[in-house]
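One structure is given below, encoded as structure tokens.
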Amino acid sequence: MQIVKNILAIIGLVCISGFFIFSMQKAPSNETIEKETPTVNTYNVYALEMPKGLNFAGEAVPLEDPDVYERMDRELLVNTYWQSNGLLLFKRAQKYFPILEPLLEKYDLPDDFKFLALAESGFIDETSSAGAAGMWHFMRDTGKEYGLEINKNVDERYHIEKSTRVAAEYLKKARERFGNWTLAAASYNAGIYGVAKRLKAQQVDSYYDALLPDETERYVFRILALKEILNNPSKYGFNFNKSDLYNHIPTYTVDVDTAVTDLSQFAKQFGINYKILKIHNPWLREGHLNNKSRKLYQIEIPKEGYYK
């Protein structure tokens, strides 16, 4: 017991001594701090020069209007200096633009609309808070109105070709209504009726002259900013090698006009697994395909050699 008491006494003495030593230490003076080498921040943020000749689908952007200039400047700055997101968009664009570009040509849409799809979804398989889904971010009712099959088993909003066809139908209808692609693009965000109502009330006929909801006010400018930045990566400080980007994996189609009870087993027939089958066919929403109506579906299968 005495030994224990002695040990405790020694520990207590050490603690008390440490306390007094610590309390006697002085905080560094201002003079000492000033003598230390200052930290140099090598990261710089620069204002951006407004590019000349900006256009959407061949329609000029009136940058001489100070309001238009400021709105364009805002989106260029936001999308240039959100570097992590920007670099991911470059990577995904390399993967999906080769699929999307021939579809836009097939359905008679200007090539610039690939940037609208990119602005809408970022080319990721996520559903928005409002319920919009797929590359073109269709709402369920809009998709069904234009003939897409949408249920818990199959959701063709995630089918790239079919959803692109529907987007083209919608946008060409909007262009017929408004007379230009810029307002057609704006109506993709606010609806044809919503844009038409505001144009009529404000007695204007241009996107750049109309006062629209904030999201729609920024919408076309964000598309323009993405177009400018992705077409000129080094100008905006994005540095990468082609090998850093994601690649488009070529596929072939398999026709299916019956039910498939187990898509995992179906995938194995082609030397892939269920995960890879879903990556290339995100419109298949469950682990089986009901197909009670014996509809003809085309399932994309990646060519050999791209997955181990």
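Chain labels A, B, ... are given in the sequence in which chains occur in the structure tokens; within each chain residues are numbered consecutively from 1, and ligands are likewise numbered from 1 in the order shown.
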
Can you tell me, as a ChimeraX atom specification, what residues are no more than 8 Å from Arg71 of chain A when counting only C-alpha atoms, ignoring any on the same chain fewer than 3 positions away?
/A:67-68,74-75,218,221

Show me, as a PDB file with all heavy atoms, in the first residue's frame, the residues that have an atom within 12 Å of Thr127 of chain A when counting only C-alpha atoms, minus same-chain residues fewer than 4 positions from it.
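Just written: around_16.pdb:
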```pdb
ATOM      1  N   GLU A 120     -28.558  19.629 -68.208  1.00  0.00           N
ATOM      2  CA  GLU A 120     -29.707  19.036 -67.526  1.00  0.00           C
ATOM      3  C   GLU A 120     -29.293  17.959 -66.524  1.00  0.00           C
ATOM      4  O   GLU A 120     -29.713  17.990 -65.372  1.00  0.00           O
ATOM      5  CB  GLU A 120     -30.668  18.427 -68.553  1.00  0.00           C
ATOM      6  CG  GLU A 120     -31.628  19.415 -69.177  1.00  0.00           C
ATOM      7  CD  GLU A 120     -32.720  19.875 -68.211  1.00  0.00           C
ATOM      8  OE1 GLU A 120     -33.020  19.149 -67.232  1.00  0.00           O
ATOM      9  OE2 GLU A 120     -33.258  20.964 -68.415  1.00  0.00           O
ATOM     10  N   SER A 121     -28.520  17.012 -66.967  1.00  0.00           N
ATOM     11  CA  SER A 121     -28.279  15.813 -66.155  1.00  0.00           C
ATOM     12  C   SER A 121     -26.836  15.616 -65.719  1.00  0.00           C
ATOM     13  O   SER A 121     -26.576  14.810 -64.817  1.00  0.00           O
ATOM     14  CB  SER A 121     -28.707  14.581 -66.951  1.00  0.00           C
ATOM     15  OG  SER A 121     -27.903  14.429 -68.120  1.00  0.00           O
ATOM     16  N   GLY A 122     -25.885  16.351 -66.342  1.00  0.00           N
ATOM     17  CA  GLY A 122     -24.480  16.074 -66.055  1.00  0.00           C
ATOM     18  C   GLY A 122     -24.064  14.687 -66.487  1.00  0.00           C
ATOM     19  O   GLY A 122     -22.997  14.190 -66.112  1.00  0.00           O
ATOM     20  N   PHE A 123     -24.920  14.022 -67.276  1.00  0.00           N
ATOM     21  CA  PHE A 123     -24.686  12.650 -67.754  1.00  0.00           C
ATOM     22  C   PHE A 123     -24.488  11.669 -66.604  1.00  0.00           C
ATOM     23  O   PHE A 123     -23.637  10.771 -66.668  1.00  0.00           O
ATOM     24  CB  PHE A 123     -23.493  12.596 -68.708  1.00  0.00           C
ATOM     25  CG  PHE A 123     -23.716  13.315 -70.013  1.00  0.00           C
ATOM     26  CD1 PHE A 123     -22.641  13.719 -70.779  1.00  0.00           C
ATOM     27  CD2 PHE A 123     -24.987  13.597 -70.477  1.00  0.00           C
ATOM     28  CE1 PHE A 123     -22.833  14.384 -71.997  1.00  0.00           C
ATOM     29  CE2 PHE A 123     -25.198  14.261 -71.683  1.00  0.00           C
ATOM     30  CZ  PHE A 123     -24.121  14.659 -72.446  1.00  0.00           C
ATOM     31  N   GLY A 131     -38.377  14.994 -59.692  1.00  0.00           N
ATOM     32  CA  GLY A 131     -38.777  13.737 -60.311  1.00  0.00           C
ATOM     33  C   GLY A 131     -38.355  13.581 -61.757  1.00  0.00           C
ATOM     34  O   GLY A 131     -38.733  12.606 -62.415  1.00  0.00           O
ATOM     35  N   ALA A 132     -37.556  14.516 -62.286  1.00  0.00           N
ATOM     36  CA  ALA A 132     -37.070  14.406 -63.664  1.00  0.00           C
ATOM     37  C   ALA A 132     -35.960  13.363 -63.720  1.00  0.00           C
ATOM     38  O   ALA A 132     -35.144  13.261 -62.805  1.00  0.00           O
ATOM     39  CB  ALA A 132     -36.559  15.751 -64.161  1.00  0.00           C
ATOM     40  N   ALA A 133     -35.930  12.586 -64.817  1.00  0.00           N
ATOM     41  CA  ALA A 133     -34.984  11.471 -64.888  1.00  0.00           C
ATOM     42  C   ALA A 133     -34.431  11.311 -66.291  1.00  0.00           C
ATOM     43  O   ALA A 133     -34.993  11.786 -67.268  1.00  0.00           O
ATOM     44  CB  ALA A 133     -35.666  10.179 -64.442  1.00  0.00           C
ATOM     45  N   GLY A 134     -33.298  10.615 -66.358  1.00  0.00           N
ATOM     46  CA  GLY A 134     -32.668  10.331 -67.630  1.00  0.00           C
ATOM     47  C   GLY A 134     -31.739  11.437 -68.088  1.00  0.00           C
ATOM     48  O   GLY A 134     -31.653  12.504 -67.483  1.00  0.00           O
ATOM     49  N   MET A 135     -31.035  11.194 -69.189  1.00  0.00           N
ATOM     50  CA  MET A 135     -30.086  12.166 -69.728  1.00  0.00           C
ATOM     51  C   MET A 135     -30.736  13.506 -70.016  1.00  0.00           C
ATOM     52  O   MET A 135     -30.157  14.568 -69.799  1.00  0.00           O
ATOM     53  CB  MET A 135     -29.455  11.613 -71.008  1.00  0.00           C
ATOM     54  CG  MET A 135     -28.496  12.561 -71.692  1.00  0.00           C
ATOM     55  SD  MET A 135     -27.783  11.888 -73.222  1.00  0.00           S
ATOM     56  CE  MET A 135     -26.631  10.698 -72.560  1.00  0.00           C
ATOM     57  N   TRP A 136     -32.008  13.470 -70.499  1.00  0.00           N
ATOM     58  CA  TRP A 136     -32.714  14.698 -70.868  1.00  0.00           C
ATOM     59  C   TRP A 136     -33.641  15.197 -69.757  1.00  0.00           C
ATOM     60  O   TRP A 136     -34.365  16.170 -69.950  1.00  0.00           O
ATOM     61  CB  TRP A 136     -33.519  14.469 -72.149  1.00  0.00           C
ATOM     62  CG  TRP A 136     -32.657  14.289 -73.356  1.00  0.00           C
ATOM     63  CD1 TRP A 136     -32.215  13.102 -73.881  1.00  0.00           C
ATOM     64  CD2 TRP A 136     -32.108  15.312 -74.181  1.00  0.00           C
ATOM     65  NE1 TRP A 136     -31.434  13.321 -74.986  1.00  0.00           N
ATOM     66  CE2 TRP A 136     -31.349  14.673 -75.205  1.00  0.00           C
ATOM     67  CE3 TRP A 136     -32.176  16.709 -74.177  1.00  0.00           C
ATOM     68  CZ2 TRP A 136     -30.683  15.386 -76.196  1.00  0.00           C
ATOM     69  CZ3 TRP A 136     -31.511  17.414 -75.170  1.00  0.00           C
ATOM     70  CH2 TRP A 136     -30.772  16.752 -76.160  1.00  0.00           C
ATOM     71  N   HIS A 137     -33.626  14.524 -68.624  1.00  0.00           N
ATOM     72  CA  HIS A 137     -34.390  14.944 -67.443  1.00  0.00           C
ATOM     73  C   HIS A 137     -35.867  15.198 -67.744  1.00  0.00           C
ATOM     74  O   HIS A 137     -36.396  16.284 -67.489  1.00  0.00           O
ATOM     75  CB  HIS A 137     -33.757  16.186 -66.805  1.00  0.00           C
ATOM     76  CG  HIS A 137     -32.885  15.833 -65.633  1.00  0.00           C
ATOM     77  ND1 HIS A 137     -32.504  16.743 -64.693  1.00  0.00           N
ATOM     78  CD2 HIS A 137     -32.349  14.651 -65.239  1.00  0.00           C
ATOM     79  CE1 HIS A 137     -31.755  16.149 -63.776  1.00  0.00           C
ATOM     80  NE2 HIS A 137     -31.644  14.880 -64.095  1.00  0.00           N
ATOM     81  N   PHE A 138     -36.527  14.168 -68.254  1.00  0.00           N
ATOM     82  CA  PHE A 138     -37.960  14.263 -68.491  1.00  0.00           C
ATOM     83  C   PHE A 138     -38.737  13.995 -67.216  1.00  0.00           C
ATOM     84  O   PHE A 138     -38.385  13.100 -66.430  1.00  0.00           O
ATOM     85  CB  PHE A 138     -38.408  13.243 -69.549  1.00  0.00           C
ATOM     86  CG  PHE A 138     -38.156  13.680 -70.962  1.00  0.00           C
ATOM     87  CD1 PHE A 138     -37.227  13.030 -71.744  1.00  0.00           C
ATOM     88  CD2 PHE A 138     -38.856  14.743 -71.507  1.00  0.00           C
ATOM     89  CE1 PHE A 138     -36.989  13.424 -73.038  1.00  0.00           C
ATOM     90  CE2 PHE A 138     -38.626  15.156 -72.807  1.00  0.00           C
ATOM     91  CZ  PHE A 138     -37.688  14.490 -73.576  1.00  0.00           C
ATOM     92  N   MET A 139     -39.819  14.729 -67.026  1.00  0.00           N
ATOM     93  CA  MET A 139     -40.782  14.395 -65.989  1.00  0.00           C
ATOM     94  C   MET A 139     -41.602  13.191 -66.466  1.00  0.00           C
ATOM     95  O   MET A 139     -41.743  12.960 -67.676  1.00  0.00           O
ATOM     96  CB  MET A 139     -41.697  15.584 -65.699  1.00  0.00           C
ATOM     97  CG  MET A 139     -40.972  16.804 -65.163  1.00  0.00           C
ATOM     98  SD  MET A 139     -40.224  16.516 -63.526  1.00  0.00           S
ATOM     99  CE  MET A 139     -41.711  16.416 -62.512  1.00  0.00           C
ATOM    100  N   ARG A 140     -42.148  12.452 -65.526  1.00  0.00           N
ATOM    101  CA  ARG A 140     -42.901  11.241 -65.868  1.00  0.00           C
ATOM    102  C   ARG A 140     -44.055  11.541 -66.829  1.00  0.00           C
ATOM    103  O   ARG A 140     -44.212  10.873 -67.860  1.00  0.00           O
ATOM    104  CB  ARG A 140     -43.430  10.595 -64.583  1.00  0.00           C
ATOM    105  CG  ARG A 140     -44.317   9.368 -64.796  1.00  0.00           C
ATOM    106  CD  ARG A 140     -44.797   8.824 -63.464  1.00  0.00           C
ATOM    107  NE  ARG A 140     -43.681   8.254 -62.742  1.00  0.00           N
ATOM    108  CZ  ARG A 140     -43.334   6.961 -62.797  1.00  0.00           C
ATOM    109  NH1 ARG A 140     -44.017   6.136 -63.571  1.00  0.00           N
ATOM    110  NH2 ARG A 140     -42.320   6.507 -62.111  1.00  0.00           N
ATOM    111  N   ASP A 155     -38.253   2.049 -67.706  1.00  0.00           N
ATOM    112  CA  ASP A 155     -38.366   3.508 -67.745  1.00  0.00           C
ATOM    113  C   ASP A 155     -37.524   4.025 -68.900  1.00  0.00           C
ATOM    114  O   ASP A 155     -36.300   4.126 -68.791  1.00  0.00           O
ATOM    115  CB  ASP A 155     -37.918   4.125 -66.423  1.00  0.00           C
ATOM    116  CG  ASP A 155     -38.272   5.605 -66.312  1.00  0.00           C
ATOM    117  OD1 ASP A 155     -38.464   6.242 -67.365  1.00  0.00           O
ATOM    118  OD2 ASP A 155     -38.347   6.118 -65.179  1.00  0.00           O
ATOM    119  N   ARG A 157     -37.162   6.871 -70.120  1.00  0.00           N
ATOM    120  CA  ARG A 157     -36.484   8.156 -69.957  1.00  0.00           C
ATOM    121  C   ARG A 157     -34.977   7.938 -69.864  1.00  0.00           C
ATOM    122  O   ARG A 157     -34.186   8.833 -70.161  1.00  0.00           O
ATOM    123  CB  ARG A 157     -36.989   8.878 -68.709  1.00  0.00           C
ATOM    124  CG  ARG A 157     -38.412   9.374 -68.812  1.00  0.00           C
ATOM    125  CD  ARG A 157     -38.849  10.040 -67.520  1.00  0.00           C
ATOM    126  NE  ARG A 157     -38.904   9.099 -66.405  1.00  0.00           N
ATOM    127  CZ  ARG A 157     -39.178   9.446 -65.143  1.00  0.00           C
ATOM    128  NH1 ARG A 157     -39.391  10.730 -64.852  1.00  0.00           N
ATOM    129  NH2 ARG A 157     -39.229   8.551 -64.186  1.00  0.00           N
ATOM    130  N   TYR A 158     -34.572   6.732 -69.445  1.00  0.00           N
ATOM    131  CA  TYR A 158     -33.162   6.380 -69.325  1.00  0.00           C
ATOM    132  C   TYR A 158     -32.607   5.751 -70.604  1.00  0.00           C
ATOM    133  O   TYR A 158     -31.431   5.379 -70.638  1.00  0.00           O
ATOM    134  CB  TYR A 158     -32.962   5.412 -68.156  1.00  0.00           C
ATOM    135  CG  TYR A 158     -33.287   5.995 -66.806  1.00  0.00           C
ATOM    136  CD1 TYR A 158     -34.546   5.820 -66.234  1.00  0.00           C
ATOM    137  CD2 TYR A 158     -32.335   6.717 -66.084  1.00  0.00           C
ATOM    138  CE1 TYR A 158     -34.850   6.348 -64.989  1.00  0.00           C
ATOM    139  CE2 TYR A 158     -32.630   7.243 -64.837  1.00  0.00           C
ATOM    140  CZ  TYR A 158     -33.887   7.057 -64.292  1.00  0.00           C
ATOM    141  OH  TYR A 158     -34.192   7.582 -63.065  1.00  0.00           O
TER     142      TYR A 158
END
```

Excluding same-chain residues fewer than 5 positions from segment 203-217 of chain A, what lies within 8 Å of it counting only C-alpha atoms, as a list in words?
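Result of the neighbour search: Pro62, Val68, Phe178, Thr182, Leu183, Ala186, Asn189, Ala190, Val195 and Arg198 of chain A.
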
Report the closest atom pair, with its distance in Å rounded to one decimal, for each residue of segment 170-240 of chain A that has an atom no farther than 12 Å from segment 162-165 of chain A; count only C-alpha atoms, sort by chain and then rising residue number, and write it as CSV.
```
residue,atom,partner,partner_atom,distance
A:Tyr170,CA,A:Arg165,CA,8.8
A:Leu171,CA,A:Arg165,CA,10.0
A:Lys172,CA,A:Arg165,CA,10.6
```

Those selected residues, please, written with C-alpha atoms and delivered as a PDB file, in the first residue's frame.
```pdb
ATOM      1  CA  TYR A 170     -40.396  18.695 -77.987  1.00  0.00           C
ATOM      2  CA  LEU A 171     -37.692  21.157 -79.036  1.00  0.00           C
ATOM      3  CA  LYS A 172     -38.740  21.268 -82.689  1.00  0.00           C
TER       4      LYS A 172
END
```

Separation of atom CA of Val154 of chain A from atom CA of Asn247 of chain A, in Å and rounded to one decimal
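If I compute the distance from atom CA of Val154 of chain A to atom CA of Asn247 of chain A, I get 26.3 Å.
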
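Of the residues under consideration (A:Asp125, A:Glu161, A:Glu145, A:Asp73), A:Glu161 shows the shortest atom-to-atom contact distance to Glu101 of chain A when counting only C-alpha atoms.
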
Which residues come within 9 Å of Pro110 of chain A, counting only C-alpha atoms, excluding same-chain residues fewer than 4 positions away, as a PyMOL selection string?
chain A and resi 57-58+104-105+114+181

For Tyr81 of chain A, which residue out of A:Ile223, A:Tyr69, A:Tyr236, A:Tyr146 is the nearest one, using only C-alpha atoms?
A:Tyr236

All residues 10 Å or closer to Lys173 of chain A, only C-alpha atoms, same chain fewer than 6 positions away omitted, as a list in words
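In the requested format, the answer is Ala167, Gly179, Ala184 and Ile192 of chain A.
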
Give me a file of those residues, with C-alpha atoms, as a compact mmCIF listing (two decimals), in the first residue's frame.
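Contents of the output file part-v1.txt:
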```
# COMPACT_ATOMS: atom_id res chain seq x y z
CA ALA A 167 -36.41 15.70 -76.73
CA GLY A 179 -39.31 30.93 -84.23
CA ALA A 184 -36.96 26.61 -77.61
CA ILE A 192 -43.71 26.19 -73.81
```

So that I can check the secondary structure, give me every residue of segment 144-282 of chain A assigned strand (DSSP E) by backbone DSSP, as number ranges by chain.
A: 251-256

Spatial neighbours of segment 262-266 of chain A, max dist 10 Å, only C-alpha atoms, sep filter under 4 positions, as an MDAnalysis selection string
chainID A and resid 270:278 284 286:289

If you run DSSP on this backbone, which residues of segment 20-248 of chain A come out as alpha helix (DSSP H), and could you give them as a PyMOL selection string?
chain A and resi 20-24+30-35+66-81+83-106+113-121+140-145+160-178+181-190+192-202+214-231

My list of candidates is A:Met50, A:Ala93, A:Ile279, A:Leu116. Which is closest to Val220 of chain A when distances are computed with only C-alpha atoms?
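The answer is A:Leu116, which sits nearest to Val220 of chain A.
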
Which neighbours of Ile249 of chain A fall inside 10 Å, counting only C-alpha atoms, when residues of the same chain fewer than 5 positions from it are skipped, and could you give them as a PyMOL selection string?
chain A and resi 95-96+98-99+280+301-307
